[in-house]
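Visitor: What follows is final.cif; its format and atoms are mmCIF, C-alpha atoms, pLDDT in the B column; chains and numbers go by the auth columns.
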```
data_work
loop_
_atom_site.group_PDB
_atom_site.id
_atom_site.type_symbol
_atom_site.label_atom_id
_atom_site.label_comp_id
_atom_site.label_asym_id
_atom_site.label_seq_id
_atom_site.Cartn_x
_atom_site.Cartn_y
_atom_site.Cartn_z
_atom_site.B_iso_or_equiv
_atom_site.auth_seq_id
_atom_site.auth_asym_id
ATOM 1 C CA MET A 1 11.614 -4.626 1.939 43.00 1 A
ATOM 2 C CA GLY A 2 14.665 -3.987 4.094 46.00 2 A
ATOM 3 C CA LEU A 3 17.153 -6.546 5.261 47.00 3 A
ATOM 4 C CA ILE A 4 16.317 -8.302 8.498 48.00 4 A
ATOM 5 C CA ALA A 5 19.259 -8.914 10.786 51.00 5 A
ATOM 6 C CA MET A 6 20.124 -12.566 11.336 59.00 6 A
ATOM 7 C CA GLY A 7 18.280 -13.715 14.419 88.00 7 A
ATOM 8 C CA ALA A 8 15.576 -11.042 14.353 92.00 8 A
ATOM 9 C CA ASN A 9 12.840 -13.565 13.549 95.00 9 A
ATOM 10 C CA LEU A 10 14.036 -15.881 16.299 95.00 10 A
ATOM 11 C CA GLU A 11 14.124 -13.028 18.821 94.00 11 A
ATOM 12 C CA MET A 12 10.562 -12.000 17.888 95.00 12 A
ATOM 13 C CA ILE A 13 9.349 -15.582 18.437 96.00 13 A
ATOM 14 C CA ARG A 14 11.352 -15.961 21.674 95.00 14 A
ATOM 15 C CA ALA A 15 9.604 -12.878 23.101 95.00 15 A
ATOM 16 C CA THR A 16 6.248 -14.694 22.788 95.00 16 A
ATOM 17 C CA TYR A 17 7.449 -17.477 25.141 95.00 17 A
ATOM 18 C CA GLU A 18 9.492 -15.602 27.748 92.00 18 A
ATOM 19 C CA GLY A 19 8.529 -13.141 30.465 88.00 19 A
ATOM 20 C CA SER A 20 5.246 -12.679 32.308 86.00 20 A
ATOM 21 C CA SER A 21 1.952 -13.981 30.888 83.00 21 A
ATOM 22 C CA GLU A 22 0.979 -10.390 30.088 85.00 22 A
ATOM 23 C CA ASP A 23 4.277 -9.749 28.287 90.00 23 A
ATOM 24 C CA LYS A 24 3.993 -12.978 26.281 90.00 24 A
ATOM 25 C CA GLY A 25 0.403 -12.208 25.262 88.00 25 A
ATOM 26 C CA ARG A 26 1.191 -8.613 24.327 91.00 26 A
ATOM 27 C CA ASN A 27 4.277 -9.690 22.347 94.00 27 A
ATOM 28 C CA LEU A 28 2.308 -12.383 20.493 95.00 28 A
ATOM 29 C CA LEU A 29 -0.497 -10.000 19.489 93.00 29 A
ATOM 30 C CA ALA A 30 2.070 -7.443 18.305 95.00 30 A
ATOM 31 C CA ALA A 31 3.934 -10.099 16.283 97.00 31 A
ATOM 32 C CA LEU A 32 0.926 -11.608 14.476 97.00 32 A
ATOM 33 C CA ALA A 33 0.146 -10.550 10.920 98.00 33 A
ATOM 34 C CA TYR A 34 -3.477 -9.426 10.453 97.00 34 A
ATOM 35 C CA ASP A 35 -4.142 -12.619 8.453 98.00 35 A
ATOM 36 C CA ALA A 36 -1.910 -14.991 10.442 98.00 36 A
ATOM 37 C CA THR A 37 -2.964 -18.642 10.561 98.00 37 A
ATOM 38 C CA TRP A 38 -2.502 -20.652 13.758 98.00 38 A
ATOM 39 C CA THR A 39 -2.948 -24.409 13.440 98.00 39 A
ATOM 40 C CA GLU A 40 -3.431 -26.498 16.560 97.00 40 A
ATOM 41 C CA ALA A 41 -2.691 -30.207 16.023 96.00 41 A
ATOM 42 C CA GLU A 42 -5.386 -32.760 15.302 93.00 42 A
ATOM 43 C CA GLY A 43 -6.281 -34.509 18.543 91.00 43 A
ATOM 44 C CA PHE A 44 -5.347 -31.456 20.638 92.00 44 A
ATOM 45 C CA PRO A 45 -8.240 -29.906 22.658 92.00 45 A
ATOM 46 C CA TYR A 46 -8.207 -26.748 20.495 95.00 46 A
ATOM 47 C CA ALA A 47 -7.539 -28.519 17.171 95.00 47 A
ATOM 48 C CA GLY A 48 -8.098 -26.522 14.011 97.00 48 A
ATOM 49 C CA THR A 49 -6.834 -23.438 12.230 98.00 49 A
ATOM 50 C CA TYR A 50 -7.556 -19.973 13.571 98.00 50 A
ATOM 51 C CA VAL A 51 -7.122 -16.896 11.348 98.00 51 A
ATOM 52 C CA GLY A 52 -6.144 -13.456 12.591 97.00 52 A
ATOM 53 C CA PRO A 53 -5.199 -12.175 16.042 96.00 53 A
ATOM 54 C CA ASP A 54 -8.796 -12.049 17.371 95.00 54 A
ATOM 55 C CA GLU A 55 -9.588 -15.678 16.477 96.00 55 A
ATOM 56 C CA ILE A 56 -6.215 -16.856 17.778 96.00 56 A
ATOM 57 C CA ALA A 57 -6.681 -15.008 21.071 93.00 57 A
ATOM 58 C CA ALA A 58 -10.263 -16.253 21.581 94.00 58 A
ATOM 59 C CA GLY A 59 -9.802 -19.804 20.315 94.00 59 A
ATOM 60 C CA VAL A 60 -6.430 -20.590 21.871 94.00 60 A
ATOM 61 C CA SER A 61 -4.855 -18.030 24.229 91.00 61 A
ATOM 62 C CA HIS A 62 -8.002 -17.187 26.221 91.00 62 A
ATOM 63 C CA ARG A 63 -8.930 -20.860 26.606 94.00 63 A
ATOM 64 C CA LEU A 64 -5.445 -21.823 27.778 93.00 64 A
ATOM 65 C CA GLY A 65 -5.570 -19.019 30.336 91.00 65 A
ATOM 66 C CA THR A 66 -9.028 -19.858 31.678 94.00 66 A
ATOM 67 C CA GLU A 67 -9.327 -23.663 31.380 95.00 67 A
ATOM 68 C CA TRP A 68 -5.913 -24.497 32.861 95.00 68 A
ATOM 69 C CA VAL A 69 -4.020 -23.717 36.063 96.00 69 A
ATOM 70 C CA GLY A 70 -0.344 -22.932 35.560 94.00 70 A
ATOM 71 C CA TYR A 71 -0.368 -23.701 31.832 93.00 71 A
ATOM 72 C CA CYS A 72 3.130 -23.182 30.470 94.00 72 A
ATOM 73 C CA ALA A 73 4.968 -23.710 27.191 95.00 73 A
ATOM 74 C CA ASP A 74 8.611 -24.021 28.242 96.00 74 A
ATOM 75 C CA VAL A 75 10.895 -23.815 25.200 97.00 75 A
ATOM 76 C CA HIS A 76 14.209 -25.679 25.412 96.00 76 A
ATOM 77 C CA ASN A 77 15.523 -24.962 21.918 95.00 77 A
ATOM 78 C CA TYR A 78 14.945 -22.614 18.982 96.00 78 A
ATOM 79 C CA MET A 79 16.097 -23.029 15.399 95.00 79 A
ATOM 80 C CA GLU A 80 15.986 -20.364 12.698 95.00 80 A
ATOM 81 C CA ASP A 81 16.233 -20.943 8.969 95.00 81 A
ATOM 82 C CA GLY A 82 15.604 -17.681 7.139 93.00 82 A
ATOM 83 C CA ASP A 83 11.896 -16.884 7.448 95.00 83 A
ATOM 84 C CA ARG A 84 11.150 -20.046 9.443 97.00 84 A
ATOM 85 C CA VAL A 85 11.612 -20.450 13.186 97.00 85 A
ATOM 86 C CA ALA A 86 11.032 -23.631 15.175 97.00 86 A
ATOM 87 C CA ALA A 87 10.520 -23.783 18.929 97.00 87 A
ATOM 88 C CA PHE A 88 10.852 -27.094 20.791 97.00 88 A
ATOM 89 C CA GLY A 89 9.759 -27.606 24.377 97.00 89 A
ATOM 90 C CA VAL A 90 7.334 -29.017 26.909 97.00 90 A
ATOM 91 C CA TYR A 91 3.799 -27.981 27.835 96.00 91 A
ATOM 92 C CA SER A 92 2.689 -28.377 31.431 96.00 92 A
ATOM 93 C CA GLY A 93 -0.388 -27.476 33.411 96.00 93 A
ATOM 94 C CA THR A 94 -3.420 -28.739 35.291 97.00 94 A
ATOM 95 C CA TYR A 95 -6.828 -28.896 33.624 96.00 95 A
ATOM 96 C CA LYS A 96 -9.315 -27.137 35.935 96.00 96 A
ATOM 97 C CA ALA A 97 -12.335 -29.320 35.160 96.00 97 A
ATOM 98 C CA THR A 98 -10.573 -32.584 36.087 96.00 98 A
ATOM 99 C CA GLY A 99 -7.739 -31.498 38.372 96.00 99 A
ATOM 100 C CA LYS A 100 -5.363 -33.636 36.282 96.00 100 A
ATOM 101 C CA SER A 101 -1.934 -32.357 35.311 96.00 101 A
ATOM 102 C CA MET A 102 0.096 -33.137 32.211 96.00 102 A
ATOM 103 C CA THR A 103 3.445 -32.589 30.554 97.00 103 A
ATOM 104 C CA ALA A 104 3.726 -33.007 26.782 96.00 104 A
ATOM 105 C CA SER A 105 6.544 -32.397 24.308 97.00 105 A
ATOM 106 C CA PHE A 106 5.805 -29.956 21.486 97.00 106 A
ATOM 107 C CA ALA A 107 7.286 -28.323 18.414 98.00 107 A
ATOM 108 C CA HIS A 108 5.973 -25.109 16.870 98.00 108 A
ATOM 109 C CA LEU A 109 6.941 -24.145 13.329 98.00 109 A
ATOM 110 C CA TYR A 110 6.548 -20.463 12.475 98.00 110 A
ATOM 111 C CA GLN A 111 6.631 -18.769 9.079 98.00 111 A
ATOM 112 C CA VAL A 112 7.573 -15.082 9.222 97.00 112 A
ATOM 113 C CA ARG A 113 6.600 -12.590 6.511 97.00 113 A
ATOM 114 C CA SER A 114 7.659 -8.916 6.548 95.00 114 A
ATOM 115 C CA GLY A 115 8.667 -9.120 10.206 95.00 115 A
ATOM 116 C CA LYS A 116 5.341 -10.609 11.379 97.00 116 A
ATOM 117 C CA ILE A 117 4.172 -14.138 12.167 98.00 117 A
ATOM 118 C CA ALA A 118 2.327 -15.355 9.060 98.00 118 A
ATOM 119 C CA SER A 119 1.650 -18.867 10.366 98.00 119 A
ATOM 120 C CA MET A 120 2.262 -21.300 13.191 98.00 120 A
ATOM 121 C CA VAL A 121 1.778 -25.064 13.059 98.00 121 A
ATOM 122 C CA GLN A 122 1.759 -27.090 16.284 98.00 122 A
ATOM 123 C CA TYR A 123 3.139 -30.616 16.652 97.00 123 A
ATOM 124 C CA VAL A 124 2.383 -32.210 20.037 96.00 124 A
ATOM 125 C CA ASP A 125 1.835 -35.477 21.858 92.00 125 A
ATOM 126 C CA SER A 126 -1.884 -34.731 22.099 91.00 126 A
ATOM 127 C CA ASN A 127 -2.683 -38.081 23.721 92.00 127 A
ATOM 128 C CA VAL A 128 -0.928 -36.992 26.925 91.00 128 A
ATOM 129 C CA VAL A 129 -2.849 -33.703 26.923 93.00 129 A
ATOM 130 C CA MET A 130 -6.205 -35.380 26.278 92.00 130 A
ATOM 131 C CA LYS A 131 -5.668 -37.716 29.254 93.00 131 A
ATOM 132 C CA ALA A 132 -5.691 -34.628 31.496 94.00 132 A
ATOM 133 C CA LEU A 133 -9.134 -33.701 30.092 92.00 133 A
ATOM 134 C CA ALA A 134 -10.647 -37.147 30.601 92.00 134 A
ATOM 135 C CA LEU A 135 -13.013 -37.836 33.446 86.00 135 A
ATOM 136 C CA ASP A 136 -12.373 -41.262 34.901 77.00 136 A
#
```
Rewrite the coordinates I just gave you, this time as structure tokens.
Guide:
Amino acid sequence: MGLIAMGANLEMIRATYEGSSEDKGRNLLAALAYDATWTEAEGFPYAGTYVGPDEIAAGVSHRLGTEWVGYCADVHNYMEDGDRVAAFGVYSGTYKATGKSMTASFAHLYQVRSGKIASMVQYVDSNVVMKALALD
């Protein structure tokens, strides 16, 4: 295993949040390890752990793109500690079925292995997100 330049993991993660939706999606699929785990927080609409790029795309990415209008994960800060990268920011969007919008703070903790995303764990104020899904 070769040396990874300082910041390379952070730059790989950053590329999954910045640019067009197509660029972000393409960069995420390219960055995921074949056996990557993606854990959405308990209480979040897509709660659970998805394994591998296909499950992650179907269970999370596709749903965010089709069930929401203008869904965005806007990162304000990144931190890198060796093979771990954290992204901190705010989700926003409008849930199509209810027409309700939300903003919710989040943190994502990534584990990188051999230059690929091995895992991601989401931390989020899911109560704010769930309010957007609720029918009054």
Visitor: With only C-alpha atoms as the counted atoms, please give the residues lying no more than 9 Å from Phe106 in chain A, apart from itself and same-chain residues fewer than 3 positions off, as a ChimeraX atom specification.
Guide: /A:73,75,87-91,122-125
Visitor: Once the PyMOL selection byres ((chain A and resi 132) around 8) has been applied to the shown file, what residues remain in the selection, as number ranges by chain?
Guide: A: 94-95, 98-102, 128-131, 133-134
Visitor: For the residues in that selection, give me C-alpha atoms as an mmCIF file, in the frame of the given file.
Guide:
```cif
data_model
loop_
_atom_site.group_PDB
_atom_site.id
_atom_site.type_symbol
_atom_site.label_atom_id
_atom_site.label_comp_id
_atom_site.auth_asym_id
_atom_site.auth_seq_id
_atom_site.Cartn_x
_atom_site.Cartn_y
_atom_site.Cartn_z
ATOM 1 C CA THR A 94 -3.420 -28.739 35.291
ATOM 2 C CA TYR A 95 -6.828 -28.896 33.624
ATOM 3 C CA THR A 98 -10.573 -32.584 36.087
ATOM 4 C CA GLY A 99 -7.739 -31.498 38.372
ATOM 5 C CA LYS A 100 -5.363 -33.636 36.282
ATOM 6 C CA SER A 101 -1.934 -32.357 35.311
ATOM 7 C CA MET A 102 0.096 -33.137 32.211
ATOM 8 C CA VAL A 128 -0.928 -36.992 26.925
ATOM 9 C CA VAL A 129 -2.849 -33.703 26.923
ATOM 10 C CA MET A 130 -6.205 -35.380 26.278
ATOM 11 C CA LYS A 131 -5.668 -37.716 29.254
ATOM 12 C CA LEU A 133 -9.134 -33.701 30.092
ATOM 13 C CA ALA A 134 -10.647 -37.147 30.601
#
```
Visitor: Just how far from CA of Gly115 in chain A is CA of Tyr46 in chain A, in Å to one decimal?
Guide: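 CA of Gly115 in chain A lies at a distance of 26.5 Å from CA of Tyr46 in chain A.
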Visitor: Between CA of Pro53 in chain A and CA of Ala36 in chain A, what is the distance, to one decimal in Å?
Guide: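 Result for CA of Pro53 in chain A versus CA of Ala36 in chain A: 7.1 Å, one decimal.
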Visitor: Compare A:Ala104, A:Ala86, A:Ala97, A:Ala118 by their minimum atom-to-atom distance to Leu10 in chain A, counting all atoms listed in the file, and give me the closest one.
Guide: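 Among the listed residues, A:Ala86 lies closest to Leu10 in chain A.
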Visitor: Skipping near chain neighbours, those fewer than 2 positions away, what residues fall within 12 Å of Glu80 in chain A using only C-alpha atoms, listed as a ChimeraX atom specification?
Guide: /A:6-14,77-78,82-88,108-112
Visitor: For Thr49 in chain A, which of A:Lys96, A:Val121, A:Thr66, A:Asn27 is the closest residue, counting only C-alpha atoms?
Guide: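 Of A:Lys96, A:Val121, A:Thr66, A:Asn27, the one nearest Thr49 in chain A, counting only C-alpha atoms, is A:Val121.
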Visitor: Evaluate the PyMOL selection byres ((chain A and resi 30) around 12) and record the selected residues as a list in words, following the chain and residue labels used in the document.
Guide: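 Those residues are Met12, Ile13, Ala15, Thr16, Asp23, Lys24, Gly25, Arg26, Asn27, Leu28, Leu29, Ala31, Leu32, Ala33, Tyr34, Ala36, Gly52, Pro53, Asp54, Ala57, Gly115, Lys116 and Ile117 of chain A.
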Visitor: How many Å lie between CA of Tyr17 in chain A and CA of His76 in chain A, rounded to one decimal?
Guide: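 Separation between CA of Tyr17 in chain A and CA of His76 in chain A: 10.6 Å.
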Visitor: Counting only C-alpha atoms, which residue out of A:Ser119, A:Thr103, A:Gly43, A:Ala58 sits closest to Gly70 in chain A?
Guide: A:Thr103
Visitor: Between A:Met79, A:Met120, A:Glu22, A:Asp136, which has the minimum distance to Tyr50 in chain A (counting all atoms listed in the file)?
Guide: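 Smallest distance to Tyr50 in chain A is found for A:Met120.
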Visitor: Out of A:Glu40, A:Asp74, A:Ser92, A:Ser114, which residue has the shortest atom-to-atom distance to Ser61 in chain A when counting all atoms listed in the file?
Guide: A:Glu40
